[in-house]
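Everything below concerns the one structure shown next.
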Amino acid sequence: MADVQFSPQQKKTENITAHVIWMTTGLSCEGDSVALTSATNPSLEDIIRGIIPGMPKVVVHNSVIAFENGAEFIQAWWDAEAGKLDPFVLVVEGSIPNEKIKSEGYWAAIGVNPANGQPITTNEWVDRLAPKAAAVVAVGTCATYGGIPAMKNNPTGAMGLPDYLGWNWKSKAGLPIVCIPGCPAQPDNMSEVLLYLVLQLAGMAPMIDLDEALRPRWLFGRTVHEQCNRAAFYEHGDFAKEYGTDHRCLVKLGCKGPVVKCNVPIRGWQSGVGGCPNVGGICIGCTMPGFPDKYMPFMDADFKGSASSFVARFTYGPFLRFFRNQSVKNIGDREPAWRTPGTKLESGYQARWK
Ligand code: SF4
Ligand code: SF4
């Protein structure tokens, strides 16, 4: 294979080492870290091995994939706080509890403070590391908007990172918190944003474009419905009545896709395969602020879904379906007259089978 030629800028950035301190110690199931291991575009291995020409070296410190454990693992966190791992990206997974509303103990912690022998809470680690980080990322719906641990009446006062640090919070490099919601977050959404931020910190990409909920706009700019491969059935007012092999629109079974921002229907879950409604599962709004409370009960059509499907079913839907079917049958599926075998065929071919 021919040697790859690098530009001076690429050679420069290859000398930078960016660290990723990935905290899995919020209130969560570590599902985002597990999902990250199935990313393919780029894969975690691509990022760690620096397979993309010109990208900086990246070292990921995440307890799910780490070889080190105990004090050896947590040393990177101390080094980051001490400014020895500059620049670093702080990734937070899991929601942030309110440590002020308990009578004793702690909600979430990792490591021991040598000064007093006490566990260091997740909140304290965020307070120690976020001001030193070049970029801060919240992965998964728990870390972004609170998610399941922040359901109504939960005892921990759980919240997302923007609620904890502030929605207008900026890193020392001037970046807002970057939110990648999902339950779990789509693997390639995480690896792609991580790569983007590393390139931005190396001066090779412009400021990341985020929407009002701090999500990368290019990933969360469209609804599930706008990308779903069942959308034509919705337009035709043709709806599935039960789960299983019915390939029609799932809105009457509770799909919330029309009002949910998520790119899973076109990106799939792994290597482009999967994608909730595309493969028969209703969208339950797992990427959205207010999930899950706002989208429950999951398997009932909400009022807006019922109303819009009613209109589609009893007004324009059947007409569209009828006339399109007629068009396909009478025009689309037929050869044009000038190609019809017989005397009219312009090529002069006389069909042997006529
Ligand atoms: S299954 Fe859901 S996302 Fe797909 S077309 Fe129907 S309502 Fe929209
Ligand atoms: S399609 Fe809906 S349920 Fe599926 S990942 Fe996206 S937001 Fe979550």
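So you can find residues: chains in the structure tokens are A, B, ... in the order shown, residues in each start at 1, and ligands are numbered from 1 in order.
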Give me the chain A side of the contact with ligand 2, cut-off 7 Å, one line per residue showing its nearest atom pair and distance in Å at one decimal, counting only C-alpha atoms and all ligand atoms, sorted by chain and residue number, as a Markdown table.
| residue | atom | partner | partner_atom_place_in_ligand_line | distance |
| --- | --- | --- | --- | --- |
| A:Gly182 | CA | ligand 2 | 8 (Fe) | 5.9 |
| A:Cys183 | CA | ligand 2 | 8 (Fe) | 6.4 |
| A:Val224 | CA | ligand 2 | 1 (S) | 5.7 |
| A:Gly257 | CA | ligand 2 | 2 (Fe) | 6.2 |
| A:Val260 | CA | ligand 2 | 7 (S) | 6.1 |
| A:Lys261 | CA | ligand 2 | 7 (S) | 6.5 |
| A:Cys262 | CA | ligand 2 | 6 (Fe) | 4.7 |
| A:Asn263 | CA | ligand 2 | 6 (Fe) | 6.5 |
| A:Val264 | CA | ligand 2 | 6 (Fe) | 5.1 |
| A:Pro265 | CA | ligand 2 | 1 (S) | 6.1 |
| A:Gly275 | CA | ligand 2 | 1 (S) | 6.2 |
| A:Cys276 | CA | ligand 2 | 4 (Fe) | 4.6 |
| A:Pro277 | CA | ligand 2 | 1 (S) | 6.5 |
| A:Ile282 | CA | ligand 2 | 3 (S) | 6.6 |
| A:Cys283 | CA | ligand 2 | 2 (Fe) | 3.6 |
| A:Ile284 | CA | ligand 2 | 3 (S) | 4.4 |
| A:Gly285 | CA | ligand 2 | 7 (S) | 4.2 |
| A:Cys286 | CA | ligand 2 | 8 (Fe) | 3.9 |
| A:Thr287 | CA | ligand 2 | 7 (S) | 4.6 |
| A:Met288 | CA | ligand 2 | 7 (S) | 6.9 |
Could you list, with a cut-off of 9 Å and counting only C-alpha atoms and all ligand atoms, the residues of chain A near ligand 1, each shown with its nearest atom pair and the distance in Å rounded to one decimal, rows sorted by chain and ascending number, as CSV?
residue,atom,partner,partner_atom_place_in_ligand_line,distance
A:Thr223,CA,ligand 1,3 (S),7.9
A:Val224,CA,ligand 1,3 (S),5.1
A:His225,CA,ligand 1,3 (S),3.6
A:Glu226,CA,ligand 1,3 (S),7.2
A:Gln227,CA,ligand 1,3 (S),7.4
A:Cys228,CA,ligand 1,4 (Fe),4.6
A:Asn229,CA,ligand 1,4 (Fe),6.4
A:Arg230,CA,ligand 1,5 (S),4.4
A:Ala231,CA,ligand 1,5 (S),3.4
A:Ala232,CA,ligand 1,5 (S),6.8
A:Phe233,CA,ligand 1,5 (S),6.6
A:Tyr234,CA,ligand 1,5 (S),5.2
A:Glu235,CA,ligand 1,5 (S),8.0
A:Phe239,CA,ligand 1,6 (Fe),7.8
A:Ala240,CA,ligand 1,1 (S),8.7
A:His247,CA,ligand 1,1 (S),9.0
A:Arg248,CA,ligand 1,1 (S),7.2
A:Cys249,CA,ligand 1,6 (Fe),3.8
A:Leu250,CA,ligand 1,1 (S),4.0
A:Val251,CA,ligand 1,7 (S),4.1
A:Lys252,CA,ligand 1,7 (S),7.9
A:Leu253,CA,ligand 1,1 (S),8.8
A:Gly254,CA,ligand 1,2 (Fe),8.1
A:Cys255,CA,ligand 1,2 (Fe),4.6
A:Lys256,CA,ligand 1,2 (Fe),6.1
A:Gly257,CA,ligand 1,3 (S),3.8
A:Pro258,CA,ligand 1,8 (Fe),5.2
A:Val259,CA,ligand 1,3 (S),8.7
A:Val260,CA,ligand 1,3 (S),8.6
A:Pro265,CA,ligand 1,3 (S),8.3
A:Cys276,CA,ligand 1,1 (S),8.6
A:Pro277,CA,ligand 1,1 (S),5.0
A:Asn278,CA,ligand 1,4 (Fe),7.0
A:Gly280,CA,ligand 1,1 (S),7.9
A:Gly281,CA,ligand 1,1 (S),8.0
A:Ile282,CA,ligand 1,2 (Fe),6.3
A:Cys283,CA,ligand 1,2 (Fe),6.3
A:Gly305,CA,ligand 1,7 (S),7.6
A:Ser309,CA,ligand 1,7 (S),8.7
For Ala150 (chain A): contacts at 10 Å, only C-alpha atoms, fewer than 2 positions along chain excluded, given as a PyMOL selection string: chain A and resi 27+95-97+142+145-148+152-160+290-293
Computed interatomic separation between CA of Phe314 (chain A) and CA of Val279 (chain A) (Å): 26.6 Å
Extract, using only C-alpha atoms, all DNA, RNA and protein residues at most 8 Å from Ala130 (chain A), discarding same-chain residues fewer than 3 positions from it, and format them as a compact mmCIF listing (two decimals) with all heavy atoms, in the first residue's frame.
# COMPACT_ATOMS: atom_id res chain seq x y z
N LEU A 90 -14.64 15.51 28.92
CA LEU A 90 -15.34 14.83 30.00
C LEU A 90 -16.68 14.32 29.48
O LEU A 90 -17.49 15.10 28.99
CB LEU A 90 -15.58 15.79 31.17
CG LEU A 90 -16.37 15.21 32.35
CD1 LEU A 90 -15.61 14.09 33.04
CD2 LEU A 90 -16.73 16.32 33.35
N VAL A 126 -17.88 15.80 39.06
CA VAL A 126 -18.29 16.73 38.00
C VAL A 126 -17.79 18.14 38.34
O VAL A 126 -17.25 18.84 37.49
CB VAL A 126 -19.82 16.71 37.81
CG1 VAL A 126 -20.27 17.82 36.84
CG2 VAL A 126 -20.29 15.36 37.28
N ASP A 127 -17.95 18.51 39.61
CA ASP A 127 -17.49 19.86 40.02
C ASP A 127 -15.98 19.99 39.87
O ASP A 127 -15.47 21.07 39.53
CB ASP A 127 -17.87 20.12 41.49
CG ASP A 127 -19.38 20.17 41.68
OD1 ASP A 127 -20.09 20.33 40.67
OD2 ASP A 127 -19.83 20.04 42.83
N ALA A 133 -12.20 20.66 31.83
CA ALA A 133 -12.37 19.95 30.56
C ALA A 133 -12.48 20.92 29.39
O ALA A 133 -13.05 22.00 29.51
CB ALA A 133 -13.64 19.09 30.62
N VAL A 136 -17.43 19.09 27.39
CA VAL A 136 -18.20 18.22 28.26
C VAL A 136 -19.37 17.64 27.47
O VAL A 136 -20.10 18.37 26.81
CB VAL A 136 -18.72 18.99 29.50
CG1 VAL A 136 -19.68 18.13 30.31
CG2 VAL A 136 -17.55 19.42 30.37
N SER A 171 -17.58 25.29 28.47
CA SER A 171 -16.30 24.70 28.88
C SER A 171 -15.21 25.77 28.78
O SER A 171 -15.43 26.85 28.23
CB SER A 171 -15.94 23.53 27.98
OG SER A 171 -15.54 24.01 26.71
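The smallest atom-to-atom distance between Leu197 (chain A) and any of A:Val64, A:Ala143, A:Val89, A:Ala109, using only C-alpha atoms, is found for A:Val89.
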Nearest to Glu242 (chain A), chosen from A:Leu36, A:Ala108, A:Ile74, A:Met299, with only C-alpha atoms counted in the distances: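 The shortest atom-to-atom distance to Glu242 (chain A) comes from A:Met299.
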Counting only C-alpha atoms, the option among A:Thr40, A:Ser308, A:Gln200, A:Asn330 closest to Gly268 (chain A): A:Thr40
Considering only C-alpha atoms, return as a CSV table (one decimal) with all heavy atoms, in the first residue's frame whatever protein or nucleic-acid residues lie within 12 Å of Cys179 (chain A), sequence-local ones (same chain, fewer than 3 positions apart) excluded.
chain,number,residue,atom,x,y,z
A,91,VAL,N,-16.9,13.0,29.5
A,91,VAL,CA,-18.1,12.4,29.1
A,91,VAL,C,-18.8,11.9,30.4
A,91,VAL,O,-18.3,11.2,31.2
A,91,VAL,CB,-17.9,11.2,28.2
A,91,VAL,CG1,-19.2,10.6,27.8
A,91,VAL,CG2,-17.1,11.7,26.9
A,92,VAL,N,-20.1,12.3,30.5
A,92,VAL,CA,-20.9,11.9,31.7
A,92,VAL,C,-22.0,11.0,31.2
A,92,VAL,O,-22.7,11.3,30.3
A,92,VAL,CB,-21.4,13.1,32.5
A,92,VAL,CG1,-22.3,12.7,33.6
A,92,VAL,CG2,-20.3,14.0,32.9
A,93,GLU,N,-22.1,9.8,31.9
A,93,GLU,CA,-23.1,8.8,31.6
A,93,GLU,C,-23.9,8.6,32.9
A,93,GLU,O,-23.4,8.3,33.9
A,93,GLU,CB,-22.5,7.5,31.1
A,93,GLU,CG,-23.5,6.4,30.8
A,93,GLU,CD,-22.8,5.2,30.2
A,93,GLU,OE1,-21.6,5.3,29.8
A,93,GLU,OE2,-23.5,4.1,30.1
A,135,ALA,N,-14.1,20.1,26.7
A,135,ALA,CA,-15.5,19.9,26.2
A,135,ALA,C,-16.1,18.9,27.2
A,135,ALA,O,-15.5,18.0,27.7
A,135,ALA,CB,-15.5,19.3,24.8
A,136,VAL,N,-17.4,19.1,27.4
A,136,VAL,CA,-18.2,18.2,28.3
A,136,VAL,C,-19.4,17.6,27.5
A,136,VAL,O,-20.1,18.4,26.8
A,136,VAL,CB,-18.7,19.0,29.5
A,136,VAL,CG1,-19.7,18.1,30.3
A,136,VAL,CG2,-17.5,19.4,30.4
A,137,VAL,N,-19.5,16.3,27.5
A,137,VAL,CA,-20.5,15.6,26.8
A,137,VAL,C,-21.4,14.8,27.7
A,137,VAL,O,-20.9,14.1,28.6
A,137,VAL,CB,-19.9,14.7,25.7
A,137,VAL,CG1,-21.0,14.0,24.9
A,137,VAL,CG2,-18.9,15.4,24.9
A,138,ALA,N,-22.7,14.9,27.5
A,138,ALA,CA,-23.7,14.1,28.3
A,138,ALA,C,-24.2,13.0,27.3
A,138,ALA,O,-24.7,13.4,26.2
A,138,ALA,CB,-24.8,14.9,28.8
A,139,VAL,N,-23.9,11.7,27.6
A,139,VAL,CA,-24.4,10.7,26.7
A,139,VAL,C,-25.5,9.9,27.4
A,139,VAL,O,-25.5,9.5,28.6
A,139,VAL,CB,-23.2,9.7,26.3
A,139,VAL,CG1,-22.2,10.3,25.5
A,139,VAL,CG2,-22.7,9.0,27.5
A,140,GLY,N,-26.5,9.6,26.6
A,140,GLY,CA,-27.7,8.9,27.0
A,140,GLY,C,-28.7,9.8,27.6
A,140,GLY,O,-28.4,10.9,28.1
A,141,THR,N,-30.0,9.4,27.7
A,141,THR,CA,-31.0,10.3,28.1
A,141,THR,C,-31.0,10.6,29.6
A,141,THR,O,-31.4,11.6,30.1
A,141,THR,CB,-32.4,9.7,27.7
A,141,THR,OG1,-32.4,9.6,26.3
A,141,THR,CG2,-33.6,10.6,28.1
A,142,CYS,N,-30.4,9.7,30.4
A,142,CYS,CA,-30.2,9.9,31.8
A,142,CYS,C,-29.3,11.1,32.0
A,142,CYS,O,-29.6,12.1,32.8
A,142,CYS,CB,-29.7,8.7,32.6
A,142,CYS,SG,-30.7,7.3,32.5
A,143,ALA,N,-28.2,11.2,31.4
A,143,ALA,CA,-27.2,12.2,31.6
A,143,ALA,C,-27.7,13.5,30.9
A,143,ALA,O,-27.3,14.6,31.4
A,143,ALA,CB,-25.8,11.8,31.0
A,144,THR,N,-28.4,13.4,29.8
A,144,THR,CA,-28.8,14.6,29.1
A,144,THR,C,-30.0,15.3,29.8
A,144,THR,O,-29.9,16.5,30.1
A,144,THR,CB,-29.2,14.3,27.6
A,144,THR,OG1,-30.1,13.3,27.6
A,144,THR,CG2,-27.9,13.9,26.9
A,145,TYR,N,-31.1,14.5,30.0
A,145,TYR,CA,-32.3,15.2,30.5
A,145,TYR,C,-32.9,14.5,31.8
A,145,TYR,O,-34.0,14.8,32.2
A,145,TYR,CB,-33.4,15.2,29.4
A,145,TYR,CG,-32.8,15.7,28.1
A,145,TYR,CD1,-32.9,14.9,26.9
A,145,TYR,CD2,-32.2,16.9,28.0
A,145,TYR,CE1,-32.5,15.4,25.7
A,145,TYR,CE2,-31.7,17.4,26.8
A,145,TYR,CZ,-31.8,16.6,25.7
A,145,TYR,OH,-31.3,17.1,24.5
A,146,GLY,N,-32.1,13.6,32.4
A,146,GLY,CA,-32.6,12.9,33.6
A,146,GLY,C,-33.1,11.5,33.4
A,146,GLY,O,-32.8,10.6,34.2
A,160,GLY,N,-30.5,15.9,34.6
A,160,GLY,CA,-29.5,15.8,33.6
A,160,GLY,C,-28.4,16.8,33.8
A,160,GLY,O,-28.5,17.7,34.7
A,161,LEU,N,-27.3,16.6,33.1
A,161,LEU,CA,-26.2,17.5,33.3
A,161,LEU,C,-26.4,19.0,33.0
A,161,LEU,O,-26.0,19.8,33.8
A,161,LEU,CB,-25.0,17.0,32.4
A,161,LEU,CG,-23.6,17.5,32.8
A,161,LEU,CD1,-23.2,17.0,34.2
A,161,LEU,CD2,-22.6,17.0,31.8
A,162,PRO,N,-27.2,19.3,32.0
A,162,PRO,CA,-27.5,20.8,31.8
A,162,PRO,C,-28.3,21.3,33.0
A,162,PRO,O,-28.1,22.5,33.3
A,162,PRO,CB,-28.4,20.8,30.5
A,162,PRO,CG,-28.0,19.5,29.8
A,162,PRO,CD,-27.7,18.5,30.8
A,163,ASP,N,-29.2,20.5,33.6
A,163,ASP,CA,-29.9,21.1,34.8
A,163,ASP,C,-28.9,21.2,35.9
A,163,ASP,O,-29.1,22.1,36.8
A,163,ASP,CB,-31.0,20.1,35.2
A,163,ASP,CG,-32.2,20.3,34.3
A,163,ASP,OD1,-32.4,21.4,33.7
A,163,ASP,OD2,-33.0,19.3,34.1
A,167,TRP,N,-27.9,25.4,31.7
A,167,TRP,CA,-28.0,25.2,30.2
A,167,TRP,C,-27.1,26.1,29.4
A,167,TRP,O,-26.8,25.9,28.3
A,167,TRP,CB,-29.5,25.5,29.8
A,167,TRP,CG,-30.3,24.3,30.2
A,167,TRP,CD1,-30.8,24.0,31.5
A,167,TRP,CD2,-30.7,23.2,29.4
A,167,TRP,NE1,-31.5,22.8,31.5
A,167,TRP,CE2,-31.5,22.3,30.2
A,167,TRP,CE3,-30.5,22.9,28.0
A,167,TRP,CZ2,-32.0,21.1,29.7
A,167,TRP,CZ3,-31.1,21.7,27.5
A,167,TRP,CH2,-31.8,20.8,28.3
A,175,LEU,N,-17.1,25.7,24.6
A,175,LEU,CA,-18.1,24.9,24.1
A,175,LEU,C,-19.3,24.7,25.1
A,175,LEU,O,-19.0,24.5,26.3
A,175,LEU,CB,-17.6,23.5,23.8
A,175,LEU,CG,-16.8,23.3,22.4
A,175,LEU,CD1,-15.4,23.9,22.5
A,175,LEU,CD2,-16.8,21.8,22.1
A,176,PRO,N,-20.5,24.7,24.6
A,176,PRO,CA,-21.6,24.4,25.4
A,176,PRO,C,-21.6,22.9,25.8
A,176,PRO,O,-20.8,22.1,25.1
A,176,PRO,CB,-22.9,24.7,24.6
A,176,PRO,CG,-22.4,25.3,23.3
A,176,PRO,CD,-20.9,25.0,23.2
A,182,GLY,N,-30.6,9.3,24.2
A,182,GLY,CA,-31.0,7.9,23.6
A,182,GLY,C,-30.9,7.0,24.8
A,182,GLY,O,-30.2,7.2,25.7
A,185,ALA,N,-27.9,5.8,23.9
A,185,ALA,CA,-27.6,6.6,22.7
A,185,ALA,C,-27.1,5.7,21.6
A,185,ALA,O,-26.5,4.6,21.8
A,185,ALA,CB,-26.5,7.6,23.1
A,189,ASN,N,-23.7,7.7,16.9
A,189,ASN,CA,-23.9,9.1,17.3
A,189,ASN,C,-22.8,9.4,18.3
A,189,ASN,O,-22.3,10.5,18.2
A,189,ASN,CB,-25.3,9.3,17.9
A,189,ASN,CG,-26.4,9.3,16.8
A,189,ASN,OD1,-26.1,9.3,15.6
A,189,ASN,ND2,-27.6,9.4,17.3
A,190,MET,N,-22.6,8.5,19.2
A,190,MET,CA,-21.6,8.8,20.3
A,190,MET,C,-20.2,8.9,19.7
A,190,MET,O,-19.4,9.8,19.9
A,190,MET,CB,-21.6,7.7,21.4
A,190,MET,CG,-22.8,7.8,22.2
A,190,MET,SD,-22.7,6.7,23.6
A,190,MET,CE,-23.2,5.1,22.9
A,193,VAL,N,-19.6,12.0,17.3
A,193,VAL,CA,-19.5,13.3,18.1
A,193,VAL,C,-18.2,13.3,18.8
A,193,VAL,O,-17.5,14.4,18.8
A,193,VAL,CB,-20.7,13.5,19.0
A,193,VAL,CG1,-20.5,14.6,19.9
A,193,VAL,CG2,-22.0,13.7,18.2
A,194,LEU,N,-17.8,12.2,19.4
A,194,LEU,CA,-16.5,12.2,20.1
A,194,LEU,C,-15.4,12.5,19.1
A,194,LEU,O,-14.5,13.4,19.4
A,194,LEU,CB,-16.3,10.8,20.6
A,194,LEU,CG,-15.5,10.7,22.0
A,194,LEU,CD1,-16.1,11.6,23.0
A,194,LEU,CD2,-15.6,9.2,22.4
A,208,ILE,N,-19.1,23.1,17.0
A,208,ILE,CA,-20.2,22.1,16.8
A,208,ILE,C,-21.5,22.8,16.8
A,208,ILE,O,-21.8,23.7,17.6
A,208,ILE,CB,-20.1,21.0,17.9
A,208,ILE,CG1,-21.0,19.9,17.6
A,208,ILE,CG2,-20.3,21.6,19.3
A,208,ILE,CD1,-20.7,18.6,18.4
A,209,ASP,N,-22.4,22.4,15.9
A,209,ASP,CA,-23.7,23.0,15.7
A,209,ASP,C,-24.8,22.3,16.6
A,209,ASP,O,-25.1,21.1,16.3
A,209,ASP,CB,-24.1,23.0,14.2
A,209,ASP,CG,-25.4,23.8,14.0
A,209,ASP,OD1,-25.7,24.6,14.8
A,209,ASP,OD2,-26.0,23.5,12.9
A,210,LEU,N,-25.3,23.0,17.6
A,210,LEU,CA,-26.2,22.3,18.5
A,210,LEU,C,-27.6,23.0,18.4
A,210,LEU,O,-27.7,24.2,18.1
A,210,LEU,CB,-25.7,22.4,20.0
A,210,LEU,CG,-24.3,21.9,20.2
A,210,LEU,CD1,-24.0,22.1,21.7
A,210,LEU,CD2,-24.2,20.4,19.9
A,211,ASP,N,-28.7,22.3,18.7
A,211,ASP,CA,-30.0,22.9,18.7
A,211,ASP,C,-30.3,23.4,20.1
A,211,ASP,O,-29.5,23.4,21.0
A,211,ASP,CB,-31.0,21.9,18.2
A,211,ASP,CG,-31.2,20.7,19.2
A,211,ASP,OD1,-30.7,20.7,20.3
A,211,ASP,OD2,-31.9,19.7,18.7
A,212,GLU,N,-31.6,23.8,20.4
A,212,GLU,CA,-31.9,24.4,21.6
A,212,GLU,C,-31.9,23.4,22.8
A,212,GLU,O,-31.8,23.8,24.0
A,212,GLU,CB,-33.3,25.1,21.5
A,212,GLU,CG,-34.5,24.1,21.2
A,212,GLU,CD,-34.5,23.6,19.8
A,212,GLU,OE1,-33.8,24.1,18.9
A,212,GLU,OE2,-35.3,22.7,19.5
A,213,ALA,N,-31.9,22.1,22.5
A,213,ALA,CA,-31.8,21.1,23.6
A,213,ALA,C,-30.4,20.6,23.7
A,213,ALA,O,-30.1,19.5,24.2
A,213,ALA,CB,-32.8,20.0,23.4
A,214,LEU,N,-29.4,21.3,23.1
A,214,LEU,CA,-28.0,21.0,23.1
A,214,LEU,C,-27.6,19.8,22.3
A,214,LEU,O,-26.6,19.1,22.6
A,214,LEU,CB,-27.4,21.0,24.5
A,214,LEU,CG,-27.7,22.3,25.3
A,214,LEU,CD1,-27.2,22.1,26.8
A,214,LEU,CD2,-26.9,23.4,24.7
A,215,ARG,N,-28.5,19.3,21.4
A,215,ARG,CA,-28.2,18.1,20.6
A,215,ARG,C,-27.5,18.5,19.3
A,215,ARG,O,-27.8,19.6,18.7
A,215,ARG,CB,-29.5,17.4,20.2
A,215,ARG,CG,-30.3,16.9,21.4
A,215,ARG,CD,-31.7,16.5,21.0
A,215,ARG,NE,-32.5,17.6,20.6
A,215,ARG,CZ,-33.8,17.7,20.7
A,215,ARG,NH1,-34.5,16.6,21.2
A,215,ARG,NH2,-34.5,18.8,20.3
A,216,PRO,N,-26.5,17.8,18.8
A,216,PRO,CA,-26.0,18.1,17.5
A,216,PRO,C,-27.1,18.1,16.4
A,216,PRO,O,-27.8,17.1,16.3
A,216,PRO,CB,-25.0,16.9,17.2
A,216,PRO,CG,-24.7,16.4,18.6
A,216,PRO,CD,-25.9,16.6,19.4
A,217,ARG,N,-27.2,19.2,15.7
A,217,ARG,CA,-28.3,19.5,14.8
A,217,ARG,C,-28.3,18.5,13.7
A,217,ARG,O,-29.4,18.0,13.2
A,217,ARG,CB,-28.3,20.9,14.3
A,217,ARG,CG,-29.6,21.5,14.0
A,217,ARG,CD,-29.4,22.9,13.4
A,217,ARG,NE,-28.9,23.8,14.4
A,217,ARG,CZ,-29.7,24.5,15.3
A,217,ARG,NH1,-31.0,24.3,15.3
A,217,ARG,NH2,-29.1,25.3,16.1
A,219,LEU,N,-27.6,15.4,13.7
A,219,LEU,CA,-28.1,14.1,14.1
A,219,LEU,C,-29.5,14.1,14.6
A,219,LEU,O,-30.2,13.1,14.4
A,219,LEU,CB,-27.2,13.6,15.3
A,219,LEU,CG,-25.7,13.3,14.9
A,219,LEU,CD1,-25.0,12.9,16.2
A,219,LEU,CD2,-25.6,12.3,13.9
A,220,PHE,N,-30.0,15.2,15.1
A,220,PHE,CA,-31.3,15.3,15.8
A,220,PHE,C,-32.2,16.3,15.1
A,220,PHE,O,-33.2,16.8,15.8
A,220,PHE,CB,-31.2,15.5,17.3
A,220,PHE,CG,-30.6,14.4,18.0
A,220,PHE,CD1,-29.2,14.3,18.2
A,220,PHE,CD2,-31.3,13.3,18.5
A,220,PHE,CE1,-28.6,13.2,18.8
A,220,PHE,CE2,-30.8,12.3,19.1
A,220,PHE,CZ,-29.4,12.2,19.3
A,287,THR,N,-35.3,9.5,23.3
A,287,THR,CA,-34.3,10.5,23.2
A,287,THR,C,-34.8,11.9,23.7
A,287,THR,O,-34.0,12.8,23.7
A,287,THR,CB,-33.9,10.8,21.7
A,287,THR,OG1,-35.2,11.1,21.0
A,287,THR,CG2,-33.3,9.6,21.0
A,288,MET,N,-36.0,11.9,24.2
A,288,MET,CA,-36.6,13.3,24.4
A,288,MET,C,-36.5,13.7,25.9
A,288,MET,O,-36.6,12.9,26.8
A,288,MET,CB,-38.0,13.2,24.0
A,288,MET,CG,-38.2,13.0,22.5
A,288,MET,SD,-37.5,14.2,21.4
A,288,MET,CE,-38.7,15.5,21.5
A,289,PRO,N,-36.4,15.0,26.1
A,289,PRO,CA,-36.5,15.6,27.4
A,289,PRO,C,-37.9,15.2,28.0
A,289,PRO,O,-38.9,15.2,27.2
A,289,PRO,CB,-36.5,17.1,27.2
A,289,PRO,CG,-35.8,17.3,25.9
A,289,PRO,CD,-36.1,16.1,25.1
Picked from region 121-298 of chain A by DSSP as strand (DSSP E), as number ranges by chain: A: 121, 135-139, 178-180
Gap from CA of Ser33 (chain A) to CA of Ala18 (chain A) - Å, one decimal: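 Between these atoms lies a distance of 18.6 Å.
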Separation of CA of Ile21 (chain A) from CA of Asp79 (chain A), in Å and rounded to one decimal: 10.4 Å
